[in-house]
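A.B. asks: Below you'll find final35.cif; it's mmCIF, C-alpha atoms.
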```
data_input
#
loop_
_atom_site.label_atom_id
_atom_site.label_comp_id
_atom_site.auth_asym_id
_atom_site.auth_seq_id
_atom_site.Cartn_x
_atom_site.Cartn_y
_atom_site.Cartn_z
CA MET P 1 26.56 60.58 -19.90
CA LEU P 2 28.28 60.74 -16.52
CA HIS P 3 30.65 57.88 -17.20
CA SER P 4 31.96 59.43 -20.39
CA LEU P 5 32.79 62.73 -18.74
CA SER P 6 33.55 62.23 -15.07
CA PHE P 7 36.11 59.55 -15.76
CA ARG P 8 37.70 61.10 -18.80
CA TYR P 9 41.12 60.99 -17.18
CA SER P 10 40.85 57.22 -17.08
CA SER P 11 40.59 57.38 -20.85
CA LEU P 12 43.50 59.81 -20.75
CA LEU P 13 45.53 57.21 -18.89
CA THR P 14 44.56 54.59 -21.45
CA ARG P 15 45.75 56.89 -24.21
CA ALA P 16 48.85 57.66 -22.20
CA CYS P 17 49.71 53.99 -21.98
CA SER P 18 49.27 53.81 -25.73
CA ASN P 19 51.65 56.75 -26.07
CA VAL P 20 54.17 54.91 -23.95
CA ARG P 21 53.89 51.96 -26.29
CA THR P 22 54.34 54.35 -29.20
CA LEU P 23 57.46 55.73 -27.55
CA SER P 24 58.91 52.31 -26.89
CA THR P 25 58.01 50.97 -30.33
CA LEU P 26 59.68 53.77 -32.27
CA HIS P 27 61.09 52.30 -35.50
CA ALA P 28 59.26 49.07 -34.71
CA SER P 29 58.81 46.64 -37.54
CA THR P 30 56.18 43.98 -37.73
CA SER P 31 58.83 41.77 -39.25
CA LEU P 32 60.63 41.82 -35.88
CA GLY P 33 57.64 40.06 -34.33
CA CYS P 34 56.72 39.77 -30.66
CA LEU P 35 58.35 38.01 -27.76
CA PRO P 36 56.65 34.75 -26.72
CA THR P 37 55.37 36.07 -23.36
CA THR P 38 53.94 39.39 -24.53
CA HIS P 39 51.89 40.98 -27.28
CA ALA P 40 54.15 44.04 -27.34
CA PRO P 41 56.15 44.44 -30.54
CA THR P 42 59.91 44.40 -30.57
CA VAL P 43 61.93 47.49 -31.53
CA SER P 44 65.34 48.21 -32.95
CA LYS P 45 65.93 51.44 -31.02
CA LEU P 46 66.71 51.58 -27.28
CA ALA P 47 64.19 53.82 -25.48
CA PHE P 48 63.39 54.21 -21.78
CA PHE P 49 60.20 55.66 -20.34
CA ASN P 50 59.24 56.91 -16.88
CA SER P 51 55.69 58.23 -17.15
CA VAL P 52 52.25 56.77 -17.72
CA THR P 53 51.24 59.90 -19.63
CA GLY P 54 53.80 59.36 -22.36
CA ASP P 55 54.98 62.96 -22.52
CA GLY P 56 56.41 63.04 -19.00
CA SER P 57 53.67 65.26 -17.55
CA LYS P 58 51.98 64.61 -14.22
CA ILE P 59 48.67 62.77 -14.06
CA PRO P 60 45.89 65.41 -13.88
CA SER P 61 43.23 65.59 -11.15
CA TYR P 62 39.56 65.55 -12.08
CA ARG P 63 37.55 68.47 -10.66
CA VAL P 64 33.95 69.72 -10.83
CA LEU P 65 33.98 72.75 -8.47
CA ASP P 66 36.80 75.22 -8.07
CA THR P 67 37.88 76.37 -4.60
CA LEU P 68 35.12 79.02 -4.60
CA GLY P 69 32.39 76.48 -5.34
CA VAL P 70 31.97 77.51 -8.97
CA PRO P 71 31.64 74.72 -11.57
CA VAL P 72 34.75 74.64 -13.75
CA GLU P 73 34.40 75.02 -17.48
CA GLY P 74 33.53 71.75 -19.19
CA ALA P 75 32.75 69.88 -15.97
CA GLU P 76 29.52 67.92 -15.61
CA VAL P 77 27.77 68.87 -12.38
CA PRO P 78 25.77 65.87 -11.15
CA GLU P 79 22.03 66.30 -11.03
CA ILE P 80 21.30 66.38 -7.31
CA SER P 81 18.33 67.74 -5.41
CA LYS P 82 18.40 70.38 -2.70
CA GLN P 83 17.56 67.68 -0.15
CA PHE P 84 20.43 65.46 -1.28
CA ALA P 85 22.88 68.37 -1.29
CA GLN P 86 21.87 69.27 2.25
CA ARG P 87 22.37 65.66 3.30
CA LEU P 88 25.88 65.73 1.86
CA TYR P 89 26.65 68.98 3.65
CA GLU P 90 25.20 67.91 6.99
CA ASN P 91 27.29 64.74 7.00
CA MET P 92 30.40 66.71 6.05
CA GLN P 93 29.79 69.07 8.97
CA LEU P 94 29.04 66.24 11.39
CA LEU P 95 32.52 64.75 11.03
CA PRO P 96 34.56 67.72 12.38
CA THR P 97 31.94 68.16 15.12
CA LEU P 98 32.58 64.57 16.19
CA ASP P 99 36.32 65.11 16.03
CA ASP P 100 36.16 68.23 18.18
CA ILE P 101 34.07 66.61 20.94
CA LEU P 102 35.87 63.28 21.04
CA CYS P 103 39.34 64.82 20.80
CA SER P 104 38.47 67.12 23.71
CA GLY P 105 37.12 64.12 25.61
CA GLN P 106 40.41 62.30 25.18
CA ARG P 107 42.39 65.33 26.35
CA GLN P 108 40.19 65.41 29.47
CA GLY P 109 40.89 61.72 30.15
CA ARG P 110 37.30 60.63 29.51
CA ILE P 111 38.24 58.28 26.65
CA PRO P 112 41.67 56.64 26.30
CA PHE P 113 42.52 57.38 22.66
CA TYR P 114 41.17 58.99 19.54
CA SER P 115 42.33 58.88 15.95
CA LEU P 116 40.77 61.85 14.23
CA THR P 117 38.23 60.56 11.73
CA LEU P 118 38.91 63.15 9.07
CA ILE P 119 41.34 65.58 10.60
CA SER P 120 39.80 68.61 12.14
CA PRO P 121 39.87 71.46 13.16
CA LYS P 122 36.87 72.19 10.96
CA TYR P 123 38.41 70.94 7.77
CA GLY P 124 40.16 67.98 6.24
CA GLU P 125 38.94 64.94 4.38
CA GLU P 126 35.18 65.43 4.58
CA ALA P 127 34.71 65.45 0.82
CA THR P 128 36.73 62.27 0.21
CA VAL P 129 34.72 60.31 2.78
CA ILE P 130 31.20 61.63 2.21
CA GLY P 131 31.56 61.89 -1.58
CA SER P 132 32.65 58.25 -1.70
CA ALA P 133 29.90 57.09 0.66
CA ALA P 134 27.25 58.82 -1.46
CA ALA P 135 28.48 57.06 -4.61
CA LEU P 136 28.43 53.54 -3.17
CA ALA P 137 25.46 51.23 -2.74
CA ASP P 138 24.54 50.85 0.91
CA ASP P 139 25.16 47.11 0.72
CA ASP P 140 28.59 47.33 -0.91
CA GLU P 141 31.15 45.80 1.43
CA VAL P 142 33.46 48.43 2.96
CA LEU P 143 36.88 47.73 4.41
CA SER P 144 38.17 50.97 5.81
CA GLN P 145 41.19 52.40 7.55
CA TYR P 146 40.67 54.91 10.40
CA ARG P 147 39.08 57.95 8.82
CA GLU P 148 35.94 56.61 7.16
CA THR P 149 33.49 57.10 10.02
CA GLY P 150 31.44 59.16 7.59
CA VAL P 151 30.64 56.06 5.53
CA LEU P 152 28.99 54.47 8.57
CA LEU P 153 27.10 57.65 9.43
CA TRP P 154 25.92 58.02 5.83
CA ARG P 155 24.50 54.50 6.02
CA GLY P 156 22.54 55.23 9.19
CA PHE P 157 24.93 54.18 11.96
CA SER P 158 23.90 56.12 15.05
CA LEU P 159 25.83 58.58 17.15
CA ASP P 160 25.11 56.31 20.13
CA GLY P 161 26.90 53.53 18.23
CA ILE P 162 29.89 55.81 17.59
CA MET P 163 30.11 56.78 21.24
CA ALA P 164 29.62 53.22 22.48
CA GLN P 165 32.69 52.19 20.50
CA ALA P 166 34.76 55.17 21.67
CA PHE P 167 33.99 54.42 25.31
CA GLY P 168 34.04 50.64 24.87
CA ASN P 169 30.79 50.14 26.78
CA HIS P 170 28.49 47.11 26.63
CA GLU P 171 26.46 48.61 23.75
CA ASP P 172 29.55 48.51 21.52
CA SER P 173 29.22 45.81 18.85
CA GLY P 174 32.86 44.92 19.53
CA LYS P 175 32.16 44.61 23.29
CA GLY P 176 34.93 47.02 24.19
CA ARG P 177 37.71 44.89 22.75
CA GLN P 178 38.90 47.30 20.08
CA ILE P 179 40.89 50.52 20.21
CA ALA P 180 38.83 53.68 19.63
CA VAL P 181 37.66 54.46 16.08
CA HIS P 182 37.95 50.78 15.06
CA TYR P 183 34.29 50.40 14.17
CA SER P 184 32.41 47.47 12.69
CA SER P 185 28.83 46.83 11.68
CA LYS P 186 27.54 43.74 9.93
CA GLN P 187 24.19 45.48 9.40
CA HIS P 188 25.89 48.31 7.51
CA HIS P 189 28.32 46.06 5.58
CA PHE P 190 31.27 47.71 7.33
CA HIS P 191 34.05 45.28 8.17
CA THR P 192 36.01 45.55 11.42
CA ILE P 193 38.91 47.99 11.21
CA SER P 194 42.40 46.66 11.92
CA SER P 195 45.25 48.78 13.30
CA PRO P 196 48.08 47.39 11.10
CA LEU P 197 48.42 49.34 7.87
CA ALA P 198 47.14 47.91 4.59
CA THR P 199 45.90 44.55 5.90
CA GLN P 200 42.45 45.46 4.59
CA ILE P 201 43.63 45.71 0.96
CA PRO P 202 44.27 42.01 0.18
CA GLN P 203 41.29 41.18 2.39
CA ALA P 204 39.12 43.40 0.19
CA ALA P 205 40.37 41.57 -2.90
CA GLY P 206 39.19 38.35 -1.26
CA VAL P 207 35.84 39.85 -0.32
CA GLY P 208 35.40 41.01 -3.90
CA PHE P 209 36.17 37.50 -5.14
CA ALA P 210 33.56 36.08 -2.74
CA LEU P 211 30.99 38.56 -4.08
CA LYS P 212 31.84 37.47 -7.61
CA ARG P 213 31.17 33.83 -6.68
CA ASP P 214 27.83 34.62 -5.02
CA PRO P 215 24.99 34.44 -7.60
CA ALA P 216 22.84 36.76 -5.48
CA ARG P 217 25.47 39.52 -5.38
CA ARG P 218 27.48 38.95 -8.54
CA SER P 219 27.41 42.07 -10.75
CA LYS P 220 25.50 43.84 -7.99
CA ASN P 221 28.03 44.69 -5.28
CA VAL P 222 31.69 45.59 -4.97
CA ALA P 223 34.21 45.40 -2.18
CA CYS P 224 35.41 48.93 -1.47
CA VAL P 225 38.66 49.46 0.41
CA PHE P 226 39.93 52.78 1.79
CA PHE P 227 43.59 53.42 2.59
CA GLY P 228 46.10 56.25 2.79
CA GLU P 229 49.09 56.83 0.56
CA GLY P 230 51.27 55.67 3.45
CA ALA P 231 49.52 52.29 3.48
CA ALA P 232 50.23 52.04 -0.27
CA SER P 233 53.91 51.71 0.64
CA GLU P 234 53.17 48.38 2.33
CA GLY P 235 53.57 45.06 0.55
CA ASP P 236 49.89 44.29 1.20
CA PHE P 237 48.93 47.05 -1.23
CA HIS P 238 50.73 45.30 -4.07
CA ALA P 239 49.44 41.88 -3.05
CA GLY P 240 45.87 43.19 -3.04
CA MET P 241 46.28 44.97 -6.37
CA LEU P 242 47.76 41.89 -7.97
CA PHE P 243 44.96 39.65 -6.67
CA ALA P 244 42.12 42.02 -7.60
CA SER P 245 43.47 42.75 -11.07
CA THR P 246 44.64 39.29 -12.09
CA VAL P 247 42.24 36.77 -10.52
CA PRO P 248 40.26 39.17 -10.87
CA SER P 249 37.71 40.52 -8.37
CA PRO P 250 35.36 43.56 -8.29
CA THR P 251 37.41 45.54 -5.78
CA LEU P 252 37.23 49.33 -5.67
CA LEU P 253 40.44 50.79 -4.24
CA LEU P 254 40.10 54.31 -2.84
CA ALA P 255 43.42 55.90 -1.91
CA ARG P 256 43.35 59.03 0.24
CA ASN P 257 46.53 60.93 -0.55
CA ASN P 258 46.57 63.49 2.26
CA GLY P 259 50.29 64.23 2.12
CA PHE P 260 51.47 62.48 5.28
CA ALA P 261 51.90 58.99 6.71
CA ILE P 262 51.88 60.16 10.33
CA SER P 263 55.12 62.22 10.27
CA THR P 264 56.45 61.08 6.90
CA PRO P 265 55.60 63.43 3.99
CA ASN P 266 54.74 61.76 0.69
CA SER P 267 57.94 63.15 -0.82
CA GLN P 268 59.76 60.62 1.35
CA GLN P 269 57.28 57.81 0.73
CA PHE P 270 57.62 57.41 -3.03
CA TYR P 271 59.49 58.93 -5.95
CA GLY P 272 56.90 58.33 -8.66
CA ASP P 273 53.75 60.26 -9.56
CA GLY P 274 51.62 59.35 -6.55
CA ILE P 275 49.46 56.25 -6.28
CA SER P 276 47.65 56.68 -9.63
CA ALA P 277 50.79 55.89 -11.59
CA ARG P 278 50.73 52.37 -10.17
CA GLY P 279 47.30 51.48 -11.51
CA PRO P 280 48.20 50.93 -15.18
CA GLY P 281 51.08 48.73 -14.03
CA TYR P 282 48.46 46.31 -12.74
CA GLY P 283 46.26 46.79 -15.80
CA VAL P 284 43.40 48.50 -13.97
CA ASP P 285 41.36 51.59 -14.80
CA THR P 286 42.64 54.50 -12.74
CA VAL P 287 41.68 58.10 -12.05
CA ARG P 288 43.02 60.92 -9.88
CA VAL P 289 40.45 63.28 -8.37
CA ASP P 290 40.43 66.49 -6.35
CA GLY P 291 39.64 65.02 -2.93
CA ASN P 292 38.41 68.36 -1.58
CA ASP P 293 35.62 68.52 -4.17
CA VAL P 294 32.73 66.39 -2.92
CA LEU P 295 30.95 66.39 -6.29
CA ALA P 296 34.08 65.34 -8.17
CA VAL P 297 34.69 62.53 -5.69
CA MET P 298 31.09 61.38 -5.99
CA ASN P 299 31.24 61.40 -9.80
CA ALA P 300 34.58 59.58 -9.90
CA VAL P 301 33.67 56.88 -7.39
CA LYS P 302 30.27 56.31 -8.98
CA GLU P 303 31.89 55.76 -12.37
CA ALA P 304 34.69 53.67 -10.83
CA ARG P 305 32.07 51.44 -9.21
CA ARG P 306 30.28 51.00 -12.54
CA ARG P 307 33.52 49.95 -14.23
CA CYS P 308 34.35 47.65 -11.34
CA LEU P 309 31.05 45.81 -11.70
CA GLU P 310 31.10 45.77 -15.48
CA GLY P 311 34.64 44.44 -15.75
CA GLY P 312 34.66 42.34 -12.59
CA ARG P 313 38.13 43.73 -11.97
CA ALA P 314 39.84 46.24 -9.67
CA VAL P 315 39.55 49.99 -10.24
CA LEU P 316 41.81 52.53 -8.51
CA VAL P 317 40.81 56.06 -7.45
CA GLU P 318 43.36 58.41 -5.92
CA MET P 319 41.79 61.28 -3.97
CA MET P 320 44.14 64.24 -3.49
CA THR P 321 43.60 66.10 -0.21
CA TYR P 322 45.57 67.48 2.74
CA ARG P 323 45.83 66.43 6.38
CA VAL P 324 45.24 69.66 8.28
CA SER P 325 45.43 68.49 11.87
CA HIS P 326 47.46 65.93 13.75
CA HIS P 327 47.44 62.22 12.92
CA SER P 328 45.84 61.33 16.25
CA THR P 329 45.75 62.46 19.86
CA SER P 330 49.24 60.94 20.19
CA ASP P 331 50.73 63.17 17.50
CA ASP P 332 52.01 66.76 17.29
CA SER P 333 52.34 67.52 13.59
CA TYR P 334 54.04 70.89 14.16
CA VAL P 335 57.18 69.00 15.06
CA TYR P 336 57.61 67.97 11.43
CA ARG P 337 55.83 70.71 9.43
CA GLU P 338 55.39 74.46 9.62
CA ARG P 339 52.26 75.83 11.26
CA GLN P 340 51.97 78.44 8.50
CA GLU P 341 51.76 75.70 5.87
CA VAL P 342 48.72 74.29 7.65
CA GLU P 343 47.06 77.69 8.07
CA ASP P 344 47.54 78.47 4.38
CA ARG P 345 45.86 75.23 3.34
CA LYS P 346 42.94 75.80 5.71
CA LYS P 347 42.29 79.22 4.21
CA ASN P 348 42.80 78.40 0.54
CA ASP P 349 41.14 75.05 0.00
CA ASN P 350 38.41 74.12 2.46
CA PRO P 351 36.10 71.32 1.19
CA ILE P 352 33.23 72.34 3.48
CA THR P 353 33.42 75.99 2.46
CA ARG P 354 33.69 75.02 -1.21
CA PHE P 355 30.47 73.00 -1.15
CA ARG P 356 28.67 75.55 1.01
CA LEU P 357 29.44 78.27 -1.55
CA PHE P 358 28.05 76.02 -4.27
CA MET P 359 24.82 75.48 -2.29
CA GLU P 360 24.46 79.18 -1.55
CA SER P 361 24.82 80.00 -5.24
CA ARG P 362 21.78 77.82 -5.89
CA GLY P 363 19.75 79.28 -3.05
CA TRP P 364 19.90 76.04 -1.08
CA TRP P 365 21.69 77.40 2.03
CA ASN P 366 22.09 80.57 4.06
CA GLU P 367 23.63 81.85 7.30
CA THR P 368 20.56 80.95 9.37
CA ASP P 369 20.70 77.37 8.10
CA GLU P 370 24.39 77.25 9.00
CA GLU P 371 23.84 78.44 12.56
CA GLU P 372 20.95 76.04 13.14
CA LEU P 373 22.91 73.08 11.78
CA ALA P 374 26.01 73.85 13.87
CA PHE P 375 23.91 74.12 17.03
CA ARG P 376 21.95 70.92 16.35
CA LEU P 377 24.98 68.79 15.46
CA ARG P 378 26.95 69.90 18.50
CA HIS P 379 23.95 69.31 20.76
CA ASP P 380 23.37 65.81 19.34
CA VAL P 381 27.04 64.81 19.61
CA ILE P 382 27.41 66.06 23.20
CA LYS P 383 24.15 64.35 24.19
CA ALA P 384 25.39 61.01 22.79
CA PHE P 385 28.80 61.52 24.44
CA LYS P 386 27.32 62.15 27.88
CA ARG P 387 24.95 59.20 27.57
CA ALA P 388 27.71 56.77 26.55
CA GLU P 389 29.80 57.91 29.50
CA THR P 390 27.16 56.56 31.90
CA VAL P 391 26.66 53.17 30.22
CA LYS P 392 28.26 50.18 31.96
CA LYS P 393 31.27 48.39 30.50
CA PRO P 394 30.86 44.87 29.04
CA GLY P 395 30.64 41.95 31.45
CA LEU P 396 33.70 39.88 32.30
CA GLU P 397 32.32 36.89 30.43
CA ASP P 398 32.74 38.83 27.18
CA MET P 399 36.51 38.53 27.59
CA PHE P 400 36.27 34.83 26.76
CA THR P 401 33.53 34.59 24.12
CA ASP P 402 33.10 35.05 20.35
CA VAL P 403 36.42 33.51 19.30
CA TYR P 404 35.85 29.75 19.45
CA VAL P 405 32.69 27.78 18.73
CA GLU P 406 33.63 25.44 21.57
CA GLU P 407 35.67 26.87 24.41
CA PRO P 408 39.15 25.23 24.49
CA TRP P 409 40.63 23.94 27.74
CA ASN P 410 43.17 26.75 28.14
CA ILE P 411 40.56 29.51 27.81
CA LYS P 412 38.35 27.65 30.27
CA GLU P 413 41.23 27.47 32.76
CA GLN P 414 41.92 31.20 32.40
CA ARG P 415 38.27 32.05 32.95
CA GLU P 416 38.01 29.84 36.03
CA GLU P 417 41.23 31.27 37.45
CA LEU P 418 39.95 34.82 37.06
CA MET P 419 36.64 33.97 38.69
CA ALA P 420 38.46 32.38 41.63
CA LEU P 421 40.58 35.49 42.12
CA LEU P 422 37.53 37.72 41.97
CA LYS P 423 35.74 35.56 44.50
CA LYS P 424 38.70 35.84 46.87
CA TYR P 425 39.69 39.49 46.43
CA GLY P 426 36.93 41.22 44.46
CA GLN P 427 35.02 42.49 47.49
CA VAL P 428 38.00 43.34 49.69
CA TRP P 429 40.50 45.08 47.39
CA GLU P 430 39.28 48.60 46.59
CA PRO P 431 40.73 48.96 43.05
CA TRP P 432 38.91 45.80 42.00
CA GLN P 433 35.75 46.89 43.75
CA ASN P 434 35.73 50.10 41.74
CA GLU P 435 36.39 48.36 38.44
CA LEU P 436 33.78 45.67 39.03
CA GLY P 437 31.20 48.33 39.83
CA ALA P 438 31.67 49.78 36.32
CA LEU P 439 30.84 46.45 34.63
CA LYS P 440 27.45 45.47 33.30
CA ASP P 441 27.15 42.42 35.55
CA GLY P 442 29.22 43.69 38.44
CA GLY P 443 31.76 40.94 37.77
CA ASN P 444 29.31 38.11 38.48
#
```
Just give me the structure as structure tokens.

C.D. replies:
Amino acid sequence: MLHSLSFRYSSLLTRACSNVRTLSTLHASTSLGCLPTTHAPTVSKLAFFNSVTGDGSKIPSYRVLDTLGVPVEGAEVPEISKQFAQRLYENMQLLPTLDDILCSGQRQGRIPFYSLTLISPKYGEEATVIGSAAALADDDEVLSQYRETGVLLWRGFSLDGIMAQAFGNHEDSGKGRQIAVHYSSKQHHFHTISSPLATQIPQAAGVGFALKRDPARRSKNVACVFFGEGAASEGDFHAGMLFASTVPSPTLLLARNNGFAISTPNSQQFYGDGISARGPGYGVDTVRVDGNDVLAVMNAVKEARRRCLEGGRAVLVEMMTYRVSHHSTSDDSYVYRERQEVEDRKKNDNPITRFRLFMESRGWWNETDEEELAFRLRHDVIKAFKRAETVKKPGLEDMFTDVYVEEPWNIKEQREELMALLKKYGQVWEPWQNELGALKDGGN
């Protein structure tokens, strides 16, 4: 079965923890007993340990396809149809297309900011995002960071919705109040993104606890939280892990280890063996997966979700990938890393190329299909971009709504003061005239 094979490294970690106990209990005697606060036996020999694998080796990464798209020996390739494989591939290709158009739009001054959703050019974290999205139920609650746009798109969120948020027009569900790429959709069970790192992790533990208390969703849905290895250096990571593992709550923690927290390489973020090594410390099932292998990610997250529901407790998945491009449009990554390093990674381990080679080996894809897809995706993205650019901004009233059930006196005063200023100067001061003309209600 899938769960017995795709998550075998979770069993490996369980055995590793047993090995650690074996190491620390060398020359143990049952006559020495156990300390009152633990079930671990006491020992007569002093022994330190510094590895969850017991023998000091690094935690392995689970893989299904090698870098050439060939199934590795002993791996279980999930049974997927041609149609499903093409859906995976199309969504993987859509993400860098979005990045290219929106990043160019920001450089041209047409949108104010853009945080690359998966790190283009033409390659980055497509497999981590789309593989995860494909393994989740569409009504699982998702609390994401910045690079999980693909989860929304997989669930049917439209390109018009993406562009509305990027431009902050009146069709944006957030009414233009959020920075770009901070999506939200109640319909798609996608919680509003927050800029501060790691705030979503303890929130996800709470969402998971709420799901556990809801008879209609108990043992049916999980709270899934995405975060980078940089966010795992925040205290909120540990608070969320502690809550979700101890209370506990069905919270699926998906860590994208792409090598950098903006300009800080992971070698300067932590000294231990990545994020996976922390899982057993909180008593949760853990696995490390090749994040550039969409099938391995899908297998791992699917099994992690099953364990999460079955145990009602947190499960941790670390997805190993590489951030090819800059952190955002405000970043120049070549200041802190060599350009050749990036070029080498692009050539040697491309998640899109890897899955395309797999599809071609099965007769599910060819060069004509590739050209048609590239043309169609670019056309659709540009069409949505141009449309969103012409849509009016939210009305002024939206500045004061959706926070309080009953408007407090100070907000009322601020609104009335603004309206008075607009009445006095709005039609005579040119800068305000121009801005008001871009609003849905013209400032009225």

A.B. asks: Go through P:Leu316, P:Leu88, P:Val72, P:Ile130 and flag the residue nearest P:Ile201, using only C-alpha atoms for the distances.

C.D. replies: P:Leu316

A.B. asks: Within 6 Å of stretch 347-363 of chain P, counting only C-alpha atoms, which residues qualify if same-chain residues fewer than 5 places away don't, as an MDAnalysis selection string?

C.D. replies: chainID P and resid 67:69 292

A.B. asks: So the first atom is atom CA of P:Leu439 and the second is atom CA of P:Ile162; what is the distance between them in Å, to one decimal place?

C.D. replies: 19.5 Å

A.B. asks: For stretch 203-218 of chain P, find every residue with an atom within 10 Å (counting all atoms listed in the file), except residues of its own chain fewer than 6 positions away, and show them as a list in words.

C.D. replies: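 Everything that qualifies: Asp139, Asp140, Glu141, Val142, Leu143, Ser144, His191, Cys224, Val225, Phe226, Asp236, Ala239, Gly240, Met241, Leu242, Phe243, Ala244, Ser245, Val247, Pro248, Ser249, Pro250, Thr251, Leu252, Leu253, Leu309, Gly312, Arg313 and Ala314 of chain P.
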
A.B. asks: Mind giving me the straight-line distance from atom CA of P:Asn366 to atom CA of P:Asn91 in Å, one decimal?

C.D. replies: 16.9 Å

A.B. asks: On this file, the PyMOL selection byres ((chain P and resi 284) around 7) gives some set of residues; write that set as an MDAnalysis selection string.

C.D. replies: chainID P and resid 245 279:280 282:283 285:286 314:316

A.B. asks: Considering only C-alpha atoms, state which residue in the set P:Phe157, P:Phe375, P:Phe167, P:Tyr114 is at the smallest distance from P:Ser184.

C.D. replies: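 Of P:Phe157, P:Phe375, P:Phe167, P:Tyr114, the one nearest P:Ser184 is P:Phe157, counting only C-alpha atoms.
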
A.B. asks: Would you compute, for all listed atoms of stretch 61-70 of chain P, the axis-aligned bounding box grown by 5 Å on each side, and then report its centre and edge lengths in Å rounded to one decimal, as JSON?

C.D. replies:
```
{"center_x": 37.6, "center_y": 72.3, "center_z": -8.3, "size_x": 21.3, "size_y": 23.5, "size_z": 17.5}
```

A.B. asks: Calculated over all atoms listed in the file, which of the candidates P:Gly54, P:Gly150, P:Gly274, P:Pro36 has the smallest distance to P:Gly228?

C.D. replies: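 Residue with the minimum atom-to-atom distance to P:Gly228: P:Gly274.
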
A.B. asks: Expressed in Å to a single decimal, how great is the separation between atom CA of P:Ile275 and atom CA of P:Thr42?

C.D. replies: 29.0 Å

A.B. asks: Name the residues that the PyMOL selection byres ((chain P and resi 129) around 9) pulls out of this structure, and write them as a ChimeraX atom specification.

C.D. replies: /P:92,118,125-128,130-134,147-151,291,294,297

A.B. asks: Written as a PyMOL selection string, which residues does the PyMOL selection byres ((chain P and resi 390-401) around 9) give for the file shown?

C.D. replies: chain P and resi 164+167-172+175-177+386-389+402-405+407+411-412+414-415+436-444

A.B. asks: Nearest residue to P:Ala75 out of P:Gln93, P:Arg306, P:Leu295, P:Ile111, using only C-alpha atoms?

C.D. replies: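 Smallest separation from P:Ala75 among the options: P:Leu295.
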
A.B. asks: Report as a ChimeraX atom specification all protein, DNA and RNA residues lying within 9 Å of P:Trp364, evaluated on only C-alpha atoms, omitting residues in the same chain fewer than 6 positions from it.

C.D. replies: /P:82-83,85-86,358

A.B. asks: Which residue is closest to P:Glu370? Choose from P:Glu90, P:Ala277, P:Gln200, P:Ala384 and count all atoms listed in the file.

C.D. replies: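 Looking at the shortest contact to P:Glu370, the residue is P:Glu90.
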
A.B. asks: When distances are computed from all atoms listed in the file, which of P:Tyr146, P:Ala137, P:Tyr425, P:Ile59 shows the smallest separation from P:Ile179?

C.D. replies: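 Selected residue with least distance to P:Ile179: P:Tyr146.
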
A.B. asks: Counting only C-alpha atoms, what is within 9 Å of P:Leu197, bar same-chain residues fewer than 3 positions away, as a ChimeraX atom specification?

C.D. replies: /P:145,194,200,227-228,230-232,234,236

A.B. asks: Take the residues from that selection and write them out as a PDB file, in the frame of the given file, keeping C-alpha atoms.

C.D. replies:
```
ATOM      1  CA  GLN P 145      41.190  52.400   7.550  1.00  0.00           C
ATOM      2  CA  SER P 194      42.400  46.660  11.920  1.00  0.00           C
ATOM      3  CA  GLN P 200      42.450  45.460   4.590  1.00  0.00           C
ATOM      4  CA  PHE P 227      43.590  53.420   2.590  1.00  0.00           C
ATOM      5  CA  GLY P 228      46.100  56.250   2.790  1.00  0.00           C
ATOM      6  CA  GLY P 230      51.270  55.670   3.450  1.00  0.00           C
ATOM      7  CA  ALA P 231      49.520  52.290   3.480  1.00  0.00           C
ATOM      8  CA  ALA P 232      50.230  52.040  -0.270  1.00  0.00           C
ATOM      9  CA  GLU P 234      53.170  48.380   2.330  1.00  0.00           C
ATOM     10  CA  ASP P 236      49.890  44.290   1.200  1.00  0.00           C
TER      11      ASP P 236
END
```
